[in-house]
file coords_5.cif (mmCIF, C-alpha atoms and all ligand atoms)
data_run
#
loop_
_atom_site.label_atom_id
_atom_site.label_comp_id
_atom_site.auth_asym_id
_atom_site.auth_seq_id
_atom_site.Cartn_x
_atom_site.Cartn_y
_atom_site.Cartn_z
CA MET A 105 8.84 15.85 -22.06
CA LYS A 106 9.35 12.70 -24.12
CA CYS A 107 12.98 13.21 -25.02
CA PHE A 108 14.74 10.00 -24.02
CA GLU A 109 14.97 6.32 -24.80
CA LYS A 110 15.03 3.78 -21.98
CA PRO A 111 15.56 0.32 -23.42
CA SER A 112 16.24 -1.33 -20.06
CA VAL A 113 13.59 -3.24 -18.14
CA TYR A 114 14.82 -1.27 -15.11
CA TRP A 115 14.12 2.36 -14.41
CA ASN A 116 17.50 2.57 -12.69
CA PRO A 117 19.59 -0.42 -13.81
CA TYR A 118 22.38 0.34 -11.32
CA LEU A 119 20.29 0.67 -8.16
CA GLU A 120 17.83 -2.10 -8.98
CA THR A 121 20.53 -4.76 -9.43
CA LEU A 122 22.96 -3.99 -6.60
CA ASN A 123 24.25 -7.07 -4.79
CA PRO A 124 23.32 -7.44 -1.08
CA LYS A 125 26.62 -5.99 0.17
CA GLN A 126 26.43 -2.98 -2.13
CA LEU A 127 22.82 -2.44 -1.12
CA GLU A 128 23.60 -2.62 2.58
CA ASP A 129 26.49 -0.15 2.17
CA LEU A 130 24.20 2.25 0.27
CA GLN A 131 21.44 1.93 2.86
CA TYR A 132 23.83 2.55 5.73
CA LYS A 133 25.22 5.66 4.03
CA ARG A 134 21.76 7.02 3.23
CA PHE A 135 20.41 6.20 6.70
CA LYS A 136 23.28 8.11 8.30
CA GLU A 137 22.61 11.09 6.06
CA ILE A 138 18.91 11.38 6.89
CA LEU A 139 19.54 10.66 10.59
CA GLY A 140 22.11 13.47 10.72
CA PHE A 141 19.78 15.81 8.84
CA ALA A 142 16.86 15.11 11.21
CA TYR A 143 19.05 15.38 14.29
CA ASN A 144 20.37 18.77 13.21
CA ASN A 145 17.15 20.29 11.85
CA SER A 146 14.08 18.74 13.48
CA PRO A 147 13.49 19.66 17.16
CA ALA A 148 11.26 16.62 17.68
CA TYR A 149 13.86 14.17 16.36
CA ARG A 150 16.62 15.95 18.27
CA ASP A 151 14.66 15.63 21.53
CA LEU A 152 13.88 11.99 20.89
CA TYR A 153 17.45 11.00 20.09
CA GLU A 154 18.95 12.99 22.93
CA SER A 155 16.52 11.32 25.31
CA VAL A 156 18.01 7.91 24.47
CA GLY A 157 21.61 9.00 23.97
CA ILE A 158 21.72 8.61 20.19
CA THR A 159 23.79 10.93 18.01
CA PRO A 160 24.51 10.45 14.30
CA ASP A 161 28.13 9.65 15.22
CA SER A 162 27.02 6.91 17.59
CA ILE A 163 25.64 4.88 14.67
CA ARG A 164 28.82 3.24 13.41
CA CYS A 165 27.65 0.24 11.39
CA PHE A 166 24.50 -1.11 9.72
CA ASP A 167 23.65 -3.19 12.76
CA ASP A 168 23.60 -0.04 14.94
CA ILE A 169 20.48 1.17 13.10
CA LYS A 170 18.34 -1.03 15.35
CA ARG A 171 19.37 1.19 18.31
CA VAL A 172 17.51 4.15 16.78
CA PRO A 173 14.01 4.46 18.32
CA VAL A 174 10.97 3.37 16.31
CA ILE A 175 8.32 6.08 15.92
CA ASP A 176 4.65 6.04 14.94
CA LYS A 177 1.98 8.56 13.93
CA ASN A 178 1.83 9.96 17.46
CA PHE A 179 5.40 11.18 17.10
CA PHE A 180 4.32 13.53 14.34
CA ASP A 181 1.21 14.98 15.92
CA ASP A 182 2.03 14.94 19.64
CA ARG A 183 4.51 17.73 19.15
CA PHE A 184 2.40 20.54 17.72
CA PRO A 185 3.02 23.84 19.46
CA LEU A 186 0.18 26.27 18.85
CA ASN A 187 2.17 28.52 16.55
CA SER A 188 3.35 25.72 14.24
CA PHE A 189 1.43 24.42 11.27
CA TYR A 190 3.40 21.18 10.83
CA GLY A 191 4.78 20.62 14.31
CA ASN A 192 8.24 20.13 15.72
CA SER A 193 9.08 17.20 13.49
CA LEU A 194 9.40 19.60 10.53
CA ALA A 195 13.07 19.80 9.51
CA VAL A 196 13.04 22.71 7.03
CA PRO A 197 11.88 26.34 7.25
CA GLU A 198 8.12 26.37 6.69
CA GLN A 199 8.52 28.52 3.57
CA ASP A 200 10.44 25.64 1.93
CA VAL A 201 7.30 23.48 2.03
CA VAL A 202 5.65 23.59 -1.38
CA PHE A 203 3.17 20.70 -1.23
CA PHE A 204 0.45 20.09 1.36
CA HIS A 205 -1.33 16.77 1.70
CA GLN A 206 -2.93 14.93 4.55
CA THR A 207 -3.52 11.37 5.60
CA SER A 208 -6.92 9.81 4.96
CA GLY A 209 -7.84 9.63 8.62
CA THR A 210 -9.17 6.06 8.36
CA THR A 211 -7.11 4.95 11.37
CA HIS A 212 -6.13 8.23 12.99
CA THR A 213 -6.88 11.95 13.06
CA PRO A 214 -5.81 13.28 9.62
CA LEU A 215 -2.17 14.34 9.72
CA ARG A 216 -0.80 17.29 7.76
CA GLN A 217 2.02 16.25 5.47
CA PRO A 218 4.66 18.77 4.32
CA ASP A 219 6.92 18.24 1.30
CA THR A 220 9.65 20.38 -0.22
CA ILE A 221 10.23 20.54 -3.95
CA GLU A 222 13.15 18.08 -3.58
CA ASP A 223 10.86 15.74 -1.64
CA TRP A 224 8.41 15.97 -4.47
CA TYR A 225 11.01 15.12 -7.14
CA TRP A 226 11.83 12.11 -4.99
CA TRP A 227 8.14 11.06 -4.85
CA ALA A 228 8.00 11.25 -8.64
CA GLU A 229 11.19 9.17 -8.89
CA CYS A 230 9.76 6.45 -6.60
CA TRP A 231 6.56 6.33 -8.64
CA ALA A 232 8.44 6.36 -11.96
CA ALA A 233 10.44 3.30 -10.83
CA LEU A 234 7.27 1.40 -9.96
CA LEU A 235 5.37 2.42 -13.09
CA TRP A 236 8.35 1.43 -15.22
CA ALA A 237 8.59 -1.95 -13.46
CA GLN A 238 4.92 -2.51 -14.33
CA GLY A 239 5.49 -1.78 -17.99
CA VAL A 240 4.25 1.82 -18.27
CA ARG A 241 6.15 3.62 -21.02
CA GLU A 242 6.09 6.99 -22.80
CA THR A 243 3.70 5.49 -25.36
CA ASP A 244 1.03 4.90 -22.70
CA ARG A 245 -2.08 6.96 -22.11
CA VAL A 246 -2.87 6.71 -18.40
CA LEU A 247 -6.21 7.56 -16.82
CA ILE A 248 -6.20 8.32 -13.10
CA ALA A 249 -9.73 7.56 -12.00
CA PHE A 250 -9.99 9.83 -8.97
CA ASN A 251 -10.13 13.38 -7.76
CA TYR A 252 -6.81 13.48 -5.90
CA ASN A 253 -7.57 16.47 -3.61
CA LEU A 254 -5.59 16.05 -0.37
CA PHE A 255 -4.64 12.40 -0.93
CA ILE A 256 -0.97 12.10 -1.82
CA GLY A 257 -0.96 8.70 -3.56
CA PHE A 258 -2.57 9.72 -6.82
CA TRP A 259 -0.58 12.97 -6.96
CA GLY A 260 2.53 10.79 -6.75
CA ALA A 261 1.15 8.64 -9.56
CA HIS A 262 0.46 11.73 -11.64
CA TYR A 263 4.00 13.09 -11.36
CA GLY A 264 5.48 9.60 -11.78
CA CYS A 265 3.62 9.26 -15.10
CA GLU A 266 4.95 12.65 -16.13
CA LYS A 267 8.51 11.56 -15.31
CA VAL A 268 8.15 8.35 -17.31
CA GLY A 269 6.78 10.42 -20.19
CA ALA A 270 3.33 8.81 -20.31
CA GLU A 271 0.28 10.88 -21.20
CA ILE A 272 -1.94 11.59 -18.18
CA ILE A 273 -5.71 11.93 -18.14
CA SER A 274 -6.81 13.25 -14.77
CA ALA A 275 -10.40 12.02 -14.59
CA GLY A 276 -11.20 13.22 -11.08
CA GLY A 277 -14.12 15.49 -11.86
CA LEU A 278 -15.87 12.98 -14.13
CA SER A 279 -18.66 10.56 -13.27
CA THR A 280 -18.07 6.82 -13.44
CA GLN A 281 -19.91 6.72 -16.76
CA GLN A 282 -17.83 9.57 -18.17
CA ARG A 283 -14.63 7.85 -17.09
CA LEU A 284 -15.72 4.69 -18.90
CA GLU A 285 -16.48 6.71 -22.02
CA LYS A 286 -13.07 8.40 -21.88
CA ILE A 287 -11.31 5.04 -21.53
CA THR A 288 -12.87 3.86 -24.79
CA GLU A 289 -12.89 7.18 -26.65
CA LEU A 290 -9.25 8.03 -25.91
CA GLY A 291 -7.84 4.51 -26.13
CA VAL A 292 -6.60 4.56 -22.54
CA THR A 293 -3.91 1.87 -22.08
CA ALA A 294 -3.47 2.07 -18.31
CA VAL A 295 -5.81 2.93 -15.44
CA ILE A 296 -4.67 3.89 -11.97
CA THR A 297 -7.38 3.12 -9.43
CA THR A 298 -8.27 1.16 -6.31
CA PRO A 299 -9.32 -2.50 -6.71
CA THR A 300 -12.77 -1.58 -5.38
CA TYR A 301 -13.22 1.08 -8.04
CA ALA A 302 -11.88 -1.19 -10.79
CA PHE A 303 -14.83 -3.47 -9.95
CA ARG A 304 -17.18 -0.48 -9.85
CA LEU A 305 -16.11 0.48 -13.37
CA LEU A 306 -16.87 -3.09 -14.48
CA GLU A 307 -20.35 -2.92 -12.92
CA ALA A 308 -21.00 0.36 -14.72
CA ALA A 309 -19.74 -1.13 -17.99
CA ARG A 310 -22.10 -4.10 -17.63
CA GLU A 311 -25.03 -1.75 -17.05
CA LYS A 312 -24.23 -0.15 -20.41
CA GLU A 313 -23.50 -3.55 -22.03
CA ILE A 314 -19.89 -2.60 -22.63
CA ASP A 315 -17.41 -5.51 -22.53
CA MET A 316 -14.16 -4.23 -21.04
CA ARG A 317 -12.38 -7.41 -22.16
CA SER A 318 -12.23 -6.03 -25.66
CA GLY A 319 -11.32 -2.51 -24.51
CA PRO A 320 -7.96 -0.72 -24.91
CA VAL A 321 -6.74 -1.10 -21.31
CA LYS A 322 -3.54 -3.17 -21.04
CA ARG A 323 -2.80 -2.70 -17.36
CA ILE A 324 -4.44 -1.55 -14.16
CA ILE A 325 -2.21 -0.12 -11.45
CA CYS A 326 -3.81 -0.37 -8.05
CA ALA A 327 -3.26 2.11 -5.25
CA GLY A 328 -5.02 3.28 -2.12
CA GLU A 329 -6.06 -0.07 -0.67
CA PRO A 330 -4.79 -3.68 -0.72
CA GLY A 331 -6.36 -6.36 -2.88
CA ALA A 332 -4.53 -6.50 -6.19
CA LEU A 333 -2.17 -9.14 -4.79
CA ILE A 334 -4.91 -11.30 -3.30
CA PRO A 335 -4.90 -14.09 -5.92
CA SER A 336 -8.66 -14.35 -6.31
CA THR A 337 -9.11 -10.57 -6.60
CA LYS A 338 -6.26 -10.23 -9.07
CA ASN A 339 -7.52 -13.15 -11.18
CA GLU A 340 -11.03 -11.79 -11.35
CA LEU A 341 -9.93 -8.29 -12.30
CA GLU A 342 -7.48 -9.61 -14.89
CA THR A 343 -10.12 -11.86 -16.43
CA GLN A 344 -12.88 -9.26 -16.55
CA TRP A 345 -10.63 -6.47 -17.85
CA ASN A 346 -8.46 -8.83 -19.96
CA CYS A 347 -5.35 -6.99 -18.81
CA ASP A 348 -2.53 -7.13 -16.27
CA VAL A 349 -3.31 -5.92 -12.76
CA PHE A 350 -0.51 -4.71 -10.51
CA ASP A 351 -0.28 -3.73 -6.89
CA HIS A 352 1.85 -1.16 -5.15
CA VAL A 353 2.09 0.00 -1.58
CA GLY A 354 2.86 3.30 0.07
CA ALA A 355 1.87 5.60 2.89
CA THR A 356 1.51 9.36 3.16
CA GLU A 357 4.10 9.69 5.92
CA VAL A 358 6.55 7.29 4.21
CA GLY A 359 6.30 7.31 0.41
CA ALA A 360 5.62 4.75 -2.34
CA TRP A 361 7.89 2.07 -0.92
CA GLY A 362 6.90 -1.18 -2.66
CA PHE A 363 5.70 -2.41 -6.02
CA GLU A 364 4.81 -5.51 -7.96
CA CYS A 365 6.89 -5.91 -11.12
CA SER A 366 5.76 -7.13 -14.53
CA GLN A 367 6.91 -10.67 -13.73
CA LYS A 368 4.21 -10.91 -11.03
CA PRO A 369 6.32 -12.94 -8.58
CA GLY A 370 3.49 -13.17 -6.04
CA GLY A 371 4.89 -10.38 -3.93
CA LEU A 372 5.95 -6.76 -3.82
CA HIS A 373 9.50 -5.57 -4.34
CA VAL A 374 10.67 -3.26 -1.60
CA ASN A 375 12.36 -0.24 -3.16
CA GLU A 376 15.52 -0.71 -1.13
CA SER A 377 17.53 2.10 -2.66
CA MET A 378 14.95 4.67 -1.56
CA PHE A 379 13.78 3.05 1.69
CA LEU A 380 15.09 0.93 4.51
CA THR A 381 12.33 -1.58 5.13
CA GLU A 382 12.70 -3.61 8.31
CA LEU A 383 10.46 -6.50 9.29
CA LEU A 384 10.29 -6.84 13.08
CA ASP A 385 9.00 -9.64 15.29
CA PHE A 386 5.68 -8.86 17.01
CA ASP A 387 6.98 -9.78 20.47
CA SER A 388 10.79 -9.51 20.52
CA HIS A 389 10.89 -6.57 18.06
CA GLU A 390 14.06 -8.11 16.59
CA ALA A 391 14.63 -8.04 12.82
CA ILE A 392 13.21 -10.96 10.83
CA THR A 393 15.49 -11.90 7.95
CA GLY A 394 14.24 -15.38 7.02
CA PRO A 395 11.28 -16.17 4.75
CA ASP A 396 7.67 -16.87 5.73
CA ILE A 397 7.86 -15.38 9.24
CA TYR A 398 5.28 -12.66 9.81
CA GLY A 399 6.17 -9.38 11.45
CA TYR A 400 5.40 -5.68 11.25
CA LEU A 401 7.08 -3.22 8.93
CA VAL A 402 9.24 -0.33 10.07
CA ILE A 403 10.36 1.95 7.25
CA THR A 404 12.83 4.78 6.76
CA ALA A 405 12.54 7.10 3.76
CA PHE A 406 16.09 8.05 2.82
CA ASN A 407 15.44 11.22 0.85
CA ARG A 408 12.48 12.93 2.43
CA LYS A 409 13.57 16.07 4.25
CA GLY A 410 10.51 18.28 4.87
CA ARG A 411 9.44 15.94 7.60
CA PRO A 412 11.89 13.04 7.80
CA CYS A 413 10.44 9.57 8.28
CA ILE A 414 12.95 7.51 10.24
CA ARG A 415 12.15 4.02 11.54
CA PHE A 416 8.41 4.62 11.24
CA ASN A 417 6.10 1.80 12.33
CA THR A 418 3.64 1.52 9.44
CA ASN A 419 1.53 -1.05 11.35
CA ASP A 420 1.57 -3.14 8.16
CA ILE A 421 2.04 -6.90 8.43
CA GLY A 422 4.04 -9.04 6.03
CA CYS A 423 6.75 -11.67 5.57
CA TRP A 424 9.71 -12.04 3.26
CA GLN A 425 9.54 -14.26 0.20
CA GLU A 426 12.38 -16.75 -0.21
CA SER A 427 12.67 -16.97 -3.99
CA ALA A 428 14.34 -14.31 -6.09
CA CYS A 429 12.32 -12.58 -8.78
CA PRO A 430 12.86 -13.56 -12.43
CA CYS A 431 12.95 -9.84 -13.32
CA GLY A 432 16.49 -9.69 -11.94
CA ARG A 433 15.89 -6.92 -9.44
CA THR A 434 17.75 -7.64 -6.25
CA TYR A 435 15.24 -5.76 -4.10
CA ARG A 436 13.64 -8.20 -1.63
CA LEU A 437 10.09 -9.39 -2.08
CA LEU A 438 7.31 -9.07 0.47
CA LYS A 439 5.37 -12.31 0.01
CA GLY A 440 1.80 -11.69 -1.08
CA GLY A 441 2.25 -7.96 -0.34
CA VAL A 442 0.98 -6.31 2.80
CA GLN A 443 -1.27 -8.79 4.62
CA GLY A 444 -3.15 -6.30 6.76
CA ARG A 445 -2.62 -3.97 9.65
CA ILE A 446 -1.28 -5.00 13.01
CA ASP A 447 -4.34 -3.48 14.70
CA HIS A 448 -6.58 -5.76 12.61
CA LEU A 449 -4.64 -8.90 13.40
CA ILE A 450 -6.87 -11.64 14.79
CA LYS A 451 -4.76 -13.76 17.11
CA ALA A 452 -5.86 -17.25 18.09
CA ARG A 453 -4.18 -20.50 19.08
CA GLY A 454 -0.69 -19.12 18.69
CA THR A 455 -1.24 -18.01 15.12
CA PHE A 456 -2.99 -15.09 13.46
CA VAL A 457 -5.39 -14.34 10.68
CA THR A 458 -5.54 -11.25 8.51
CA PRO A 459 -8.52 -9.77 6.64
CA ALA A 460 -6.68 -10.62 3.39
CA ALA A 461 -6.82 -14.35 4.23
CA ILE A 462 -10.58 -14.14 4.84
CA GLU A 463 -11.08 -12.16 1.63
CA ASN A 464 -9.30 -14.81 -0.39
CA ILE A 465 -11.63 -17.52 0.95
CA ILE A 466 -14.73 -15.39 0.27
CA ASN A 467 -13.64 -14.66 -3.29
CA ASP A 468 -13.30 -18.36 -4.09
CA GLU A 469 -17.04 -18.85 -3.49
CA LYS A 470 -18.83 -17.86 -6.69
CA LYS A 471 -22.20 -17.32 -4.98
CA LEU A 472 -20.70 -14.61 -2.80
CA GLY A 473 -20.08 -10.99 -3.77
CA ARG A 474 -16.94 -8.99 -3.12
CA GLU A 475 -18.06 -6.84 -0.20
CA TYR A 476 -17.56 -8.04 3.35
CA LEU A 477 -17.15 -6.68 6.86
CA ILE A 478 -15.39 -8.30 9.80
CA LYS A 479 -16.42 -7.31 13.32
CA ILE A 480 -14.05 -8.29 16.11
CA GLY A 481 -15.77 -8.22 19.48
CA GLU A 482 -14.33 -7.19 22.83
CA LYS A 483 -11.36 -9.37 23.85
CA SER A 484 -11.78 -11.21 20.53
CA LYS A 485 -14.61 -13.23 22.12
CA THR A 486 -16.84 -12.87 19.09
CA LEU A 487 -15.98 -12.77 15.44
CA ASP A 488 -18.69 -11.72 13.03
CA LEU A 489 -18.42 -11.80 9.28
CA ILE A 490 -21.00 -10.13 7.07
CA VAL A 491 -20.73 -10.99 3.39
CA GLU A 492 -22.80 -9.92 0.43
CA THR A 493 -24.13 -12.58 -1.92
CA ALA A 494 -23.49 -12.29 -5.67
CA SER A 495 -27.21 -12.70 -6.38
CA GLU A 496 -30.40 -13.59 -4.54
CA LEU A 497 -30.30 -16.98 -2.79
CA ASP A 498 -33.25 -19.16 -1.75
CA VAL A 499 -33.40 -20.47 1.81
CA SER A 500 -31.62 -23.77 1.17
CA GLU A 501 -28.90 -22.10 -0.93
CA TYR A 502 -28.41 -19.50 1.79
CA GLN A 503 -27.83 -22.15 4.43
CA SER A 504 -25.57 -24.24 2.24
CA VAL A 505 -23.37 -21.28 1.17
CA LYS A 506 -23.18 -20.08 4.77
CA ASN A 507 -22.21 -23.54 6.07
CA ASP A 508 -19.61 -23.99 3.32
CA LEU A 509 -18.04 -20.64 4.12
CA GLU A 510 -17.96 -21.37 7.86
CA GLU A 511 -16.27 -24.69 7.21
CA LYS A 512 -13.70 -23.30 4.77
CA ILE A 513 -12.76 -20.45 7.10
CA TYR A 514 -12.47 -22.81 10.05
CA ASN A 515 -10.34 -25.28 8.10
CA LYS A 516 -7.92 -22.53 7.11
CA THR A 517 -7.88 -20.42 10.28
CA PHE A 518 -9.22 -22.59 13.14
CA LEU A 519 -11.52 -19.68 13.97
CA HIS A 520 -15.30 -19.70 14.25
CA PHE A 521 -16.98 -16.73 12.62
CA ASN A 522 -20.67 -15.94 13.02
CA ILE A 523 -21.58 -15.49 9.39
CA THR A 524 -24.40 -13.40 8.00
CA LEU A 525 -25.13 -13.22 4.29
CA LYS A 526 -26.71 -10.05 2.96
CA PRO A 527 -28.13 -9.19 -0.45
CA ASN A 528 -25.79 -7.46 -2.90
CA GLY A 529 -25.58 -3.71 -2.31
CA GLU A 530 -26.38 -3.67 1.44
CA LEU A 531 -22.88 -3.01 2.75
CA PRO A 532 -21.56 0.54 2.48
CA ARG A 533 -19.25 1.30 -0.48
CA ASN A 534 -16.22 3.53 -0.41
CA GLU A 535 -14.36 3.89 -3.67
CA LEU A 536 -11.11 5.06 -2.13
CA LYS A 537 -10.60 3.00 1.02
CA SER A 538 -13.17 0.41 1.93
CA LYS A 539 -13.62 -0.27 5.62
CA ARG A 540 -13.34 -4.04 6.05
CA VAL A 541 -12.84 -4.39 9.80
CA ILE A 542 -14.63 -2.99 12.84
CA ASP A 543 -12.54 -3.73 15.88
CA LEU A 544 -14.07 -3.45 19.34
CA ARG A 545 -11.18 -5.07 21.21
CA LYS A 546 -9.97 -3.24 24.29
CA ASP A 547 -7.36 -5.81 25.29
CA ARG A 548 -4.59 -4.70 22.95
ZN ZN B 601 10.56 -8.53 -10.05
#
call {"tool": "encode", "arguments": {"input": "coords_5.cif", "output": "structure tokens"}}
result
Amino acid sequence: MKCFEKPSVYWNPYLETLNPKQLEDLQYKRFKEILGFAYNNSPAYRDLYESVGITPDSIRCFDDIKRVPVIDKNFFDDRFPLNSFYGNSLAVPEQDVVFFHQTSGTTHTPLRQPDTIEDWYWWAECWAALLWAQGVRETDRVLIAFNYNLFIGFWGAHYGCEKVGAEIISAGGLSTQQRLEKITELGVTAVITTPTYAFRLLEAAREKEIDMRSGPVKRIICAGEPGALIPSTKNELETQWNCDVFDHVGATEVGAWGFECSQKPGGLHVNESMFLTELLDFDSHEAITGPDIYGYLVITAFNRKGRPCIRFNTNDIGCWQESACPCGRTYRLLKGGVQGRIDHLIKARGTFVTPAAIENIINDEKKLGREYLIKIGEKSKTLDLIVETASELDVSEYQSVKNDLEEKIYNKTFLHFNITLKPNGELPRNELKSKRVIDLRKDR
């Protein structure tokens, strides 16, 4: 329904510009509400909190939140009695669940995800805020380039577009070629896709001698996998599509919790009115508040009640950005977005390297393609990197590109990778979530 005018650059001008004290007060109030709801309605949360002596009344100030236990995926699926479809962490009667999704299963057994209708309105609100921040308006025609099936992210995007008032083209059942044709034929102004598939569409366009730079697309909104905030990836996509490319981040169990705004500040805003996003130190597990210090992200979704998500360890790695964003939102920025997963962290010489850092180096070498695979050997004793070349290389070029890459990676990371270059097309493709790391470590 396109029945309203929204002249502001903010989807919610009040929430998006709260000062730090107002924001902290709001977060404390909302945290207490969801904690009390989970304690009173979810047997799994009740058991957990009683086991450590936490009650909602025992959390008396913002700083007390750190006393609440951190959970992970195991919390949700370790508590499945045989007669329960969603397990003991469910906090509503099962008949109140109206949406079923499940996690992708790339890092864990797929997890069933329940949502009530109120949860779903909240998902749409989170997505509307991010789409609005990236410039999507009711005048846009948005193509979602996937079959959503059980994957929650694109369903969220779909309902977020609806809430903003944009026109949605659900292109899931179409082939890549048909999607390209629809983009041109319908004058699609925004595409929601993964970075990998945005490149796949470009490849398909080249095969048909279509130049996407002169096409109708004004913005690409990336979901499903990281990459749109890696400078080299973003630059290449923006150049080849001649449009803006934006990143966002979310998780099935959590929600769509972060987004890049139209000012492209080099990081993702954390949606702090909908989520409490804590950055914790890898060793001390204390909160990191200063800039440029890496930690792992623990997130609470304030409004999700089907299965509450309270102090959930996402395993994502990041650091805070010091500078404020010119857009005027007071939500903090995660510098460079999510930098990888804690289980893919390569530690060496007191520092660490993420797959994103390696990808950025690879992308700067024009003779290399975009596909790569990192293999971390047992106890991190061997590090292998397989990279596709952009085109065929002769023997001397092969050696020179390989040596250059080894040197650049060493200079930036102080790590020696055994590098293998492969012809374009040899590494497996996955349009939704590409597997970039194979980790054989058993010492973690
Ligand atoms: Zn901003």
call {"tool": "residues_around", "arguments": {"input": "coords_5.cif", "residues": "region 259-267 of chain A", "least_positions_apart": "5", "cutoff": "7 Å", "atoms": "all atoms listed in the file", "output": "list of chain:residue names"}}
result
A:Trp227, A:Ala228, A:Glu229, A:Trp231, A:Ala232, A:Tyr252, A:Ile272
call {"tool": "closest_residue", "arguments": {"input": "coords_5.cif", "among": "A:Asn116, A:Asn464, A:Gln503, A:Asn528", "to": "Glu340 (chain A)", "atoms": "only C-alpha atoms"}}
result
A:Asn464
call {"tool": "residues_near_ligand", "arguments": {"input": "coords_5.cif", "ligand": "ligand ZN 601 (chain B)", "cutoff": "10 Å", "atoms": "only C-alpha atoms and all ligand atoms", "output": "JSON, numbers by chain"}}
result
{"A": [114, 120, 237, 238, 363, 364, 365, 366, 367, 368, 369, 370, 371, 372, 373, 374, 428, 429, 430, 431, 432, 433, 434, 435, 436, 437]}
call {"tool": "closest_atom_pairs", "arguments": {"input": "coords_5.cif", "of": "region 359-392 of chain A", "to": "region 403-409 of chain A", "cutoff": "12 Å", "atoms": "all atoms listed in the file", "output": "CSV"}}
result
residue,atom,partner,partner_atom,distance
A:Gly359,CA,A:Ala405,CA,7.1
A:Ala360,CA,A:Ala405,CA,9.5
A:Trp361,CA,A:Ala405,CA,8.3
A:Gly362,CA,A:Ile403,CA,11.0
A:Val374,CA,A:Ile403,CA,10.3
A:Asn375,CA,A:Ala405,CA,10.1
A:Glu376,CA,A:Phe406,CA,9.6
A:Ser377,CA,A:Phe406,CA,8.2
A:Met378,CA,A:Phe406,CA,5.6
A:Phe379,CA,A:Ala405,CA,4.7
A:Leu380,CA,A:Thr404,CA,5.0
A:Thr381,CA,A:Ile403,CA,4.6
A:Glu382,CA,A:Ile403,CA,6.1
A:Leu383,CA,A:Ile403,CA,8.7
A:Leu384,CA,A:Ile403,CA,10.5
call {"tool": "closest_residue", "arguments": {"input": "coords_5.cif", "among": "A:Gly410, A:Gly440, A:Gly331, A:Gly239", "to": "Trp224 (chain A)", "atoms": "only C-alpha atoms"}}
result
A:Gly410
call {"tool": "residues_around", "arguments": {"input": "coords_5.cif", "residues": "Val349 (chain A)", "least_positions_apart": "2", "cutoff": "9 Å", "atoms": "all atoms listed in the file", "output": "compact mmCIF listing (two decimals) with C-alpha atoms, keeping the file's coordinate frame"}}
result
# COMPACT_ATOMS: atom_id res chain seq x y z
CA LYS A 322 -3.54 -3.17 -21.04
CA ARG A 323 -2.80 -2.70 -17.36
CA ILE A 324 -4.44 -1.55 -14.16
CA ILE A 325 -2.21 -0.12 -11.45
CA CYS A 326 -3.81 -0.37 -8.05
CA ALA A 332 -4.53 -6.50 -6.19
CA LEU A 333 -2.17 -9.14 -4.79
CA LYS A 338 -6.26 -10.23 -9.07
CA ASN A 339 -7.52 -13.15 -11.18
CA LEU A 341 -9.93 -8.29 -12.30
CA GLU A 342 -7.48 -9.61 -14.89
CA TRP A 345 -10.63 -6.47 -17.85
CA CYS A 347 -5.35 -6.99 -18.81
CA ASP A 351 -0.28 -3.73 -6.89
call {"tool": "atom_distance", "arguments": {"input": "coords_5.cif", "atom1": "CA of Ala148 (chain A)", "atom2": "CA of Ile414 (chain A)"}}
result
11.9 Å
call {"tool": "residues_around", "arguments": {"input": "coords_5.cif", "residues": "region 505-519 of chain A", "least_positions_apart": "6", "cutoff": "12 Å", "atoms": "all atoms listed in the file", "output": "PyMOL selection string"}}
result
chain A and resi 450-459+461-473+480+484-494+496-499+525-526
call {"tool": "atom_distance", "arguments": {"input": "coords_5.cif", "atom1": "CA of Asn144 (chain A)", "atom2": "CA of Asp200 (chain A)"}}
result
16.5 Å
call {"tool": "axis_aligned_box", "arguments": {"input": "coords_5.cif", "around": "region 408-418 of chain A", "padding_each_side": "5 Å", "output": "JSON"}}
result
{"center_x": 8.6, "center_y": 9.9, "center_z": 7.4, "size_x": 19.9, "size_y": 26.8, "size_z": 19.9}
call {"tool": "closest_residue", "arguments": {"input": "coords_5.cif", "among": "A:Thr356, A:Asn417, A:Ser162, A:Ser427", "to": "His389 (chain A)", "atoms": "only C-alpha atoms"}}
result
A:Asn417
